[in-house]
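One file, run-v5.txt, carrying compact mmCIF, C-alpha atoms:
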# COMPACT_ATOMS: atom_id res chain seq x y z
CA MET A 791 0.00 0.00 0.00
CA TRP A 792 2.86 2.33 0.78
CA GLY A 793 4.27 1.83 -2.70
CA ARG A 794 0.85 2.45 -4.30
CA ARG A 795 0.26 5.65 -2.33
CA PHE A 796 3.76 7.02 -2.93
CA PRO A 797 4.97 5.48 -6.20
CA GLY A 798 7.96 7.83 -6.32
CA GLY A 799 9.00 7.28 -2.72
CA ARG A 800 11.44 4.50 -3.50
CA TRP A 801 13.54 6.88 -5.60
CA LEU A 802 14.20 8.98 -2.54
CA TRP A 803 16.42 6.20 -1.22
CA LEU A 804 18.68 6.68 -4.22
CA VAL A 805 19.57 10.27 -3.32
CA PRO A 806 21.73 9.46 -0.26
CA GLY A 807 23.35 6.63 -2.18
CA VAL A 808 24.27 8.88 -5.10
CA LEU A 809 25.62 11.56 -2.78
CA LEU A 810 27.68 8.98 -0.91
CA PHE A 811 29.06 7.65 -4.18
CA LEU A 812 30.02 11.14 -5.36
CA PHE A 813 31.67 11.86 -2.01
CA VAL A 814 33.77 8.68 -2.17
CA PHE A 815 34.60 9.22 -5.85
CA LEU A 816 35.76 12.82 -5.38
CA PHE A 817 37.76 11.88 -2.30
CA ALA A 818 39.49 9.05 -4.18
CA VAL A 819 40.29 11.28 -7.16
CA SER A 820 41.63 14.10 -4.97
CA CYS A 821 43.95 11.69 -3.16
CA THR A 822 45.36 10.10 -6.32
CA LEU A 823 46.03 13.10 -8.57
CA PRO A 824 49.78 13.29 -9.45
CA ASP A 825 51.78 16.31 -8.29
CA ASP A 826 52.42 17.46 -11.87
CA VAL A 827 48.70 17.55 -12.63
CA ILE A 828 47.98 19.69 -9.57
CA LEU A 829 50.84 22.10 -10.32
CA SER A 830 49.68 22.39 -13.93
CA LEU A 831 46.39 23.78 -12.59
CA VAL A 832 48.20 26.48 -10.60
CA ARG A 833 51.01 27.55 -12.93
CA PRO A 834 48.99 29.30 -15.69
CA ALA A 835 47.47 31.85 -13.29
CA LEU A 836 50.89 32.73 -11.81
CA ALA A 837 52.53 32.80 -15.23
CA ARG A 838 50.12 35.53 -16.34
CA ALA A 839 51.39 37.60 -13.42
CA GLY A 840 55.04 36.89 -14.33
CA PHE A 841 55.84 34.27 -11.67
CA GLU A 842 56.95 30.65 -11.64
CA ILE A 843 56.13 28.08 -8.95
CA ALA A 844 57.58 24.77 -7.80
CA ALA A 845 56.92 22.49 -4.83
CA GLU A 846 58.35 19.36 -3.24
CA SER A 847 54.85 17.93 -2.86
CA ALA A 848 51.38 18.85 -4.10
CA ARG A 849 48.06 17.26 -3.35
CA ALA A 850 44.37 17.94 -3.69
CA GLU A 851 42.26 18.64 -0.63
CA PHE A 852 38.64 17.55 -0.49
CA PRO A 853 36.31 18.80 -1.78
CA LEU A 854 37.80 21.62 -3.90
CA GLY A 855 41.31 22.66 -2.93
CA VAL A 856 45.04 22.16 -3.41
CA ARG A 857 47.97 22.19 -1.01
CA LEU A 858 51.63 22.73 -1.87
CA ASP A 859 54.37 21.98 0.65
CA LYS A 860 57.95 23.30 0.56
CA ALA A 861 57.01 25.58 -2.32
CA SER A 862 59.00 28.32 -4.03
CA ILE A 863 57.81 31.28 -6.09
CA GLY A 864 59.98 33.53 -8.21
CA ARG A 865 60.36 35.41 -11.44
CA PRO A 866 61.93 33.64 -14.43
CA GLY A 867 65.70 33.78 -14.04
CA GLY A 868 65.50 35.51 -10.66
CA ALA A 869 65.70 34.61 -6.98
CA GLU A 870 63.04 32.47 -5.34
CA LEU A 871 60.86 33.08 -2.31
CA ARG A 872 60.71 29.82 -0.35
CA LEU A 873 57.51 29.02 1.52
CA ASP A 874 56.38 26.33 3.92
CA THR A 875 52.82 25.90 2.66
CA ILE A 876 50.45 27.22 -0.01
CA ARG A 877 46.78 26.31 0.25
CA ALA A 878 43.99 27.39 -2.07
CA GLY A 879 40.43 26.25 -2.54
CA TRP A 880 36.72 26.74 -1.98
CA GLU A 881 35.04 26.89 1.42
CA TRP A 882 31.28 26.42 1.51
CA THR A 883 31.05 28.31 4.79
CA GLY A 884 32.50 31.34 3.01
CA LEU A 885 29.26 31.69 1.04
CA LEU A 886 27.71 33.25 4.15
CA ARG A 887 30.03 36.23 3.64
CA TRP A 888 30.16 35.71 -0.13
CA LEU A 889 33.90 35.04 0.15
CA PRO A 890 34.16 31.30 -0.59
CA VAL A 891 37.48 31.33 -2.47
CA HIS A 892 40.53 31.43 -0.22
CA ALA A 893 44.31 31.20 -0.54
CA THR A 894 46.80 31.02 2.34
CA VAL A 895 50.58 31.30 2.20
CA SER A 896 52.78 30.65 5.24
CA LYS A 897 56.45 30.67 6.13
CA GLY A 898 57.34 30.19 9.78
CA SER A 899 55.23 32.70 11.72
CA ALA A 900 54.60 34.81 8.59
CA LYS A 901 51.20 34.36 6.97
CA ALA A 902 49.17 35.90 4.16
CA GLU A 903 45.53 35.02 3.56
CA ALA A 904 43.22 36.21 0.79
CA ARG A 905 39.49 35.56 0.43
CA THR A 906 37.44 36.57 -2.60
CA SER A 907 33.99 36.25 -4.12
CA PRO A 908 33.35 33.25 -6.43
CA ARG A 909 34.70 34.88 -9.59
CA PHE A 910 38.24 34.86 -8.22
CA TRP A 911 39.73 35.77 -11.63
CA ASN A 912 37.78 39.04 -11.46
CA PRO A 913 36.32 39.22 -7.93
CA GLY A 914 33.69 41.71 -6.90
CA LYS A 915 34.86 41.79 -3.29
CA GLY A 916 37.74 40.48 -1.23
CA ARG A 917 39.68 40.51 2.01
CA LEU A 918 43.43 40.32 2.53
CA SER A 919 45.19 39.82 5.87
CA LEU A 920 48.92 39.68 6.65
CA GLU A 921 50.81 38.64 9.78
CA ASN A 922 54.46 38.85 10.88
CA ILE A 923 56.08 39.80 7.58
CA ALA A 924 59.55 41.37 7.42
CA SER A 925 60.97 43.16 4.41
CA GLY A 926 63.93 40.80 4.21
CA GLU A 927 61.64 37.83 3.57
CA LEU A 928 60.16 39.52 0.47
CA ALA A 929 63.52 40.47 -1.04
CA PRO A 930 63.52 37.66 -3.66
CA LEU A 931 60.30 39.02 -5.18
CA PHE A 932 60.40 42.72 -4.31
CA PRO A 933 63.96 43.78 -3.43
CA LEU A 934 64.28 47.02 -1.49
CA THR A 935 66.98 48.67 -3.55
CA ALA A 936 67.72 51.58 -1.22
CA SER A 937 70.34 50.71 1.38
CA GLY A 938 68.86 50.81 4.88
CA THR A 939 65.20 50.57 3.86
CA GLY A 940 63.18 47.97 5.75
CA PHE A 941 60.13 47.18 7.87
CA SER A 942 58.64 44.60 10.21
CA LEU A 943 54.89 44.23 9.71
CA THR A 944 53.00 42.84 12.70
CA SER A 945 49.55 42.70 11.09
CA ALA A 946 47.50 44.24 8.30
CA GLN A 947 44.07 43.75 6.83
CA VAL A 948 42.04 45.31 4.05
CA ARG A 949 38.53 44.77 2.74
CA TRP A 950 37.64 45.95 -0.75
CA THR A 951 34.88 45.85 -3.34
CA ARG A 952 34.83 46.35 -7.09
CA SER A 953 31.94 48.22 -8.70
CA ALA A 954 30.28 47.28 -11.97
CA SER A 955 32.43 49.89 -13.71
CA GLY A 956 35.61 48.31 -12.33
CA ASP A 957 36.41 50.93 -9.69
CA ILE A 958 37.95 49.54 -6.48
CA SER A 959 37.23 50.91 -3.02
CA GLY A 960 38.01 49.63 0.44
CA GLN A 961 39.60 50.34 3.79
CA GLY A 962 42.02 48.75 6.20
CA ASP A 963 44.74 49.16 8.77
CA ALA A 964 48.32 48.04 9.37
CA ARG A 965 50.63 47.80 12.37
CA LEU A 966 54.42 47.74 12.12
CA ALA A 967 56.94 47.03 14.85
CA TRP A 968 59.35 49.31 12.99
CA LEU A 969 59.86 51.14 9.70
CA ARG A 970 63.30 52.31 8.60
CA VAL A 971 64.16 54.68 5.72
CA PRO A 972 67.51 56.21 4.75
CA ILE A 973 68.08 59.97 5.04
CA LEU A 974 70.06 61.09 2.00
CA GLN A 975 70.29 64.81 2.73
CA PRO A 976 74.00 65.74 2.48
CA SER A 977 73.59 68.30 5.30
CA SER A 978 71.95 65.88 7.74
CA PRO A 979 74.06 64.08 10.36
CA VAL A 980 71.17 61.57 10.69
CA ARG A 981 71.64 58.85 8.08
CA GLU A 982 68.42 56.94 8.74
CA ALA A 983 65.05 57.35 10.44
CA LEU A 984 63.69 54.45 12.49
CA LEU A 985 59.98 54.72 13.34
CA GLN A 986 58.60 52.31 15.94
CA ASP A 987 55.14 51.09 16.98
CA VAL A 988 53.60 52.41 13.77
CA THR A 989 49.84 52.26 13.13
CA ILE A 990 48.45 53.12 9.71
CA LEU A 991 44.80 53.68 8.74
CA PHE A 992 44.07 53.79 5.03
CA ALA A 993 41.47 53.61 2.27
CA VAL A 994 41.76 52.12 -1.21
CA ARG A 995 40.60 54.40 -4.01
CA GLY A 996 41.11 53.08 -7.51
CA ARG A 997 44.79 52.18 -7.83
CA SER A 998 45.90 54.33 -4.89
CA LEU A 999 46.10 53.72 -1.17
CA ILE A 1000 45.14 56.90 0.71
CA VAL A 1001 46.63 57.00 4.21
CA SER A 1002 44.41 59.04 6.52
CA SER A 1003 46.50 58.49 9.66
CA VAL A 1004 50.03 57.44 10.58
CA THR A 1005 51.02 57.33 14.24
CA GLY A 1006 54.12 56.03 15.98
CA THR A 1007 57.27 57.10 17.78
CA TYR A 1008 60.72 58.28 16.75
CA GLU A 1009 63.42 58.17 19.43
CA GLY A 1010 60.76 58.60 22.11
CA ALA A 1011 58.91 61.44 20.36
CA ARG A 1012 55.39 61.11 18.99
CA VAL A 1013 54.97 60.92 15.21
CA GLU A 1014 51.77 61.52 13.24
CA GLY A 1015 50.92 62.29 9.63
CA THR A 1016 49.23 61.29 6.38
CA GLY A 1017 50.28 59.98 3.01
CA GLU A 1018 49.53 58.13 -0.23
CA ILE A 1019 50.86 55.14 -2.16
CA ALA A 1020 50.09 55.27 -5.88
CA GLU A 1021 49.83 52.19 -8.16
CA ILE A 1022 49.52 49.98 -5.09
CA PHE A 1023 48.66 46.87 -7.13
CA SER A 1024 51.99 46.97 -8.97
CA PRO A 1025 54.76 47.30 -6.31
CA PRO A 1026 57.65 47.74 -8.79
CA ARG A 1027 55.87 50.83 -10.17
CA SER A 1028 54.38 52.12 -6.90
CA THR A 1029 55.40 55.47 -5.45
CA ILE A 1030 55.06 56.64 -1.86
CA MET A 1031 54.59 60.07 -0.30
CA PHE A 1032 54.32 60.38 3.49
CA HIS A 1033 54.26 63.66 5.43
CA LEU A 1034 55.08 63.00 9.09
CA ARG A 1035 55.40 65.40 12.02
CA ILE A 1036 57.80 64.62 14.88
CA GLU A 1037 56.64 66.45 17.98
CA ASN A 1038 59.26 68.03 20.25
CA PRO A 1039 61.98 65.36 20.26
CA LEU A 1040 64.06 65.72 23.44
CA GLU A 1041 66.70 63.03 22.97
CA GLY A 1042 68.55 61.03 20.35
CA LYS A 1043 69.95 62.06 17.00
CA THR A 1044 67.04 64.32 16.09
CA ALA A 1045 67.55 66.42 19.22
CA ALA A 1046 71.22 66.73 18.28
CA LEU A 1047 70.14 67.81 14.81
CA PHE A 1048 68.00 70.54 16.38
CA ASP A 1049 70.97 71.80 18.36
CA LEU A 1050 73.06 72.00 15.21
CA LEU A 1051 70.55 73.56 12.85
CA ALA A 1052 67.72 75.23 14.76
CA LYS A 1053 68.18 76.13 18.40
CA ASN A 1054 64.59 77.30 18.83
CA ALA A 1055 62.92 74.51 16.88
CA LYS A 1056 60.21 72.49 18.60
CA ASN A 1057 59.10 70.11 15.86
CA ALA A 1058 60.36 68.42 12.72
CA ASN A 1059 58.79 67.14 9.53
CA LEU A 1060 59.91 63.85 8.07
CA ARG A 1061 58.98 63.47 4.43
CA ILE A 1062 59.25 59.98 2.92
CA ARG A 1063 58.92 59.82 -0.85
CA GLY A 1064 60.05 58.02 -3.98
CA PRO A 1065 59.52 54.51 -5.37
CA LEU A 1066 57.83 52.20 -2.87
CA LEU A 1067 60.72 49.72 -3.05
CA SER A 1068 63.41 52.39 -2.62
CA PRO A 1069 62.02 55.40 -0.71
CA LYS A 1070 64.13 58.05 0.96
CA GLY A 1071 63.54 60.40 3.87
CA GLU A 1072 64.16 64.08 4.36
CA PHE A 1073 64.02 66.14 7.57
CA GLN A 1074 62.61 69.63 7.74
CA ILE A 1075 63.26 71.50 11.02
CA PHE A 1076 60.97 74.30 12.24
Whole structure given in structure tokens:
Amino acid sequence: MWGRRFPGGRWLWLVPGVLLFLFVFLFAVSCTLPDDVILSLVRPALARAGFEIAAESARAEFPLGVRLDKASIGRPGGAELRLDTIRAGWEWTGLLRWLPVHATVSKGSAKAEARTSPRFWNPGKGRLSLENIASGELAPLFPLTASGTGFSLTSAQVRWTRSASGDISGQGDARLAWLRVPILQPSSPVREALLQDVTILFAVRGRSLIVSSVTGTYEGARVEGTGEIAEIFSPPRSTIMFHLRIENPLEGKTAALFDLLAKNAKNANLRIRGPLLSPKGEFQIF
């Protein structure tokens, strides 16, 4: 009688069986894909950006993901950036925030994680977070050509969206343990400026990063200012312009500079400008 009343009911028992079969099949395929096949899926996207990739081991992760261990990324004929792990894939839980595509890169305590909307090749929104990254670790990909330039990034995050017309907007913040730039003024006895405990608040507008606030310390004195980084999505072509105010330094090399050049000065401006990968600083005493 049950079968006569619900003639289609027996087909419902097939649904769990089919789903179980697909689960087992996808799991088996993901575990047996050769390393070369997995790398061949990753290389074209990086090649379009001018990078090459290699890894000691590569494997698929269920249901839709890849993992590379002991990987290296570099430009053709150049130095390589060695990494512990690269993971990329699709997370169903990310659909709740409409950021299901994710990629994570790690090396020791350093970590970079990106999450984007489903069309990852041209995403409408995304989020990028960074942790414990020092300038020396990025040298193989983005060498800081100016002697003495460097930084230690504690954390950074940015959220952004892309409009239908292609315009990008977003906002974020960054914290640095220190930021060092050379001072190339021939008249200055200070050869470098070392800023500590730096906090940066910024907004993304088109291809520029507009810095609304920079705070930190320089040899015990408070530092604050604003700035801009142009062409932020292409670091080799990016330029930086920061205007920073050092308030009433009472000790260290800057205080000595005041004694030499401006006995009655109470503050100093530190201007940082030039290519992002080789900026230089300049003091202005007043």
Using only C-alpha atoms, what does the table of stretch 874-918 of chain A residues within 8 Å of stretch 947-953 of chain A look like, with each row giving the shortest atom pair and its distance in Å to one decimal, sorted by chain and ascending number, as a Markdown table?
| residue | atom | partner | partner_atom | distance |
| --- | --- | --- | --- | --- |
| A:Pro913 | CA | A:Arg952 | CA | 7.3 |
| A:Gly914 | CA | A:Arg952 | CA | 4.8 |
| A:Lys915 | CA | A:Thr951 | CA | 4.1 |
| A:Gly916 | CA | A:Trp950 | CA | 5.5 |
| A:Arg917 | CA | A:Arg949 | CA | 4.5 |
| A:Leu918 | CA | A:Val948 | CA | 5.4 |
Selected residues written out with C-alpha atoms, as a compact mmCIF listing (two decimals), in the frame of the given file:
# COMPACT_ATOMS: atom_id res chain seq x y z
CA PRO A 913 36.32 39.22 -7.93
CA GLY A 914 33.69 41.71 -6.90
CA LYS A 915 34.86 41.79 -3.29
CA GLY A 916 37.74 40.48 -1.23
CA ARG A 917 39.68 40.51 2.01
CA LEU A 918 43.43 40.32 2.53
Checklist entry - Which residues, written as a list in words, have at least one atom at most 6 Å from stretch 866-882 of chain A, with all atoms listed in the file counted and residues fewer than 2 positions away on the same chain left out? => result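 So the residues in contact are Leu854, Gly855, Val856, Arg857, Leu858, Asp859, Lys860, Ala861, Ser862, Ile863, Gly864, Gly884, Leu885, Pro890, Val891, His892, Ala893, Thr894, Val895, Ser896, Lys897 and Pro930 of chain A.
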Next on the checklist: As an exercise, work out the distance from atom CA of A:Gly962 to atom CA of A:Arg995 in Å and give it to one decimal place.
Outcome noted: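 Going from atom CA of A:Gly962 over to atom CA of A:Arg995 covers 11.8 Å.
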Checklist entry - Hey, can you check how far atom CA of A:Glu982 sits from atom CA of A:Gly940? => result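 Computed distance, atom CA of A:Glu982 to atom CA of A:Gly940, equals 10.8 Å.
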Checklist entry - Between atom CA of A:Gly1006 and atom CA of A:Val994, what is the distance, to one decimal in Å? => result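 Here the two named atoms are 21.5 Å from each other.
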Checklist entry - Nearest to A:Gly956: which of A:Ser830, A:Thr1029, A:Asn912, A:Thr1007 is it, counting all atoms listed in the file? => result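 The shortest atom-to-atom distance to A:Gly956 comes from A:Asn912.
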Item to check | Test item: residues at most 6 Å from A:Ser945, all atoms listed in the file, excluding those fewer than 6 positions along its chain, as a PyMOL selection string | outcome: chain A and resi 920-921+964-965
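With all atoms listed in the file as the basis for measurement, A:Leu1067 is the residue among A:Pro1025, A:Leu1067, A:Leu984, A:Ala1058 that approaches A:Ser925 most closely.
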Checklist entry - For the point (53.8, 54.4, -0.9) in file coordinates, what residues are within 6 Å, counting all atoms listed in the file? Give the answer as a list in words? => result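 The requested residues, written out, are Glu1018, Ile1019, Thr1029, Ile1030, Met1031 and Leu1066 of chain A.
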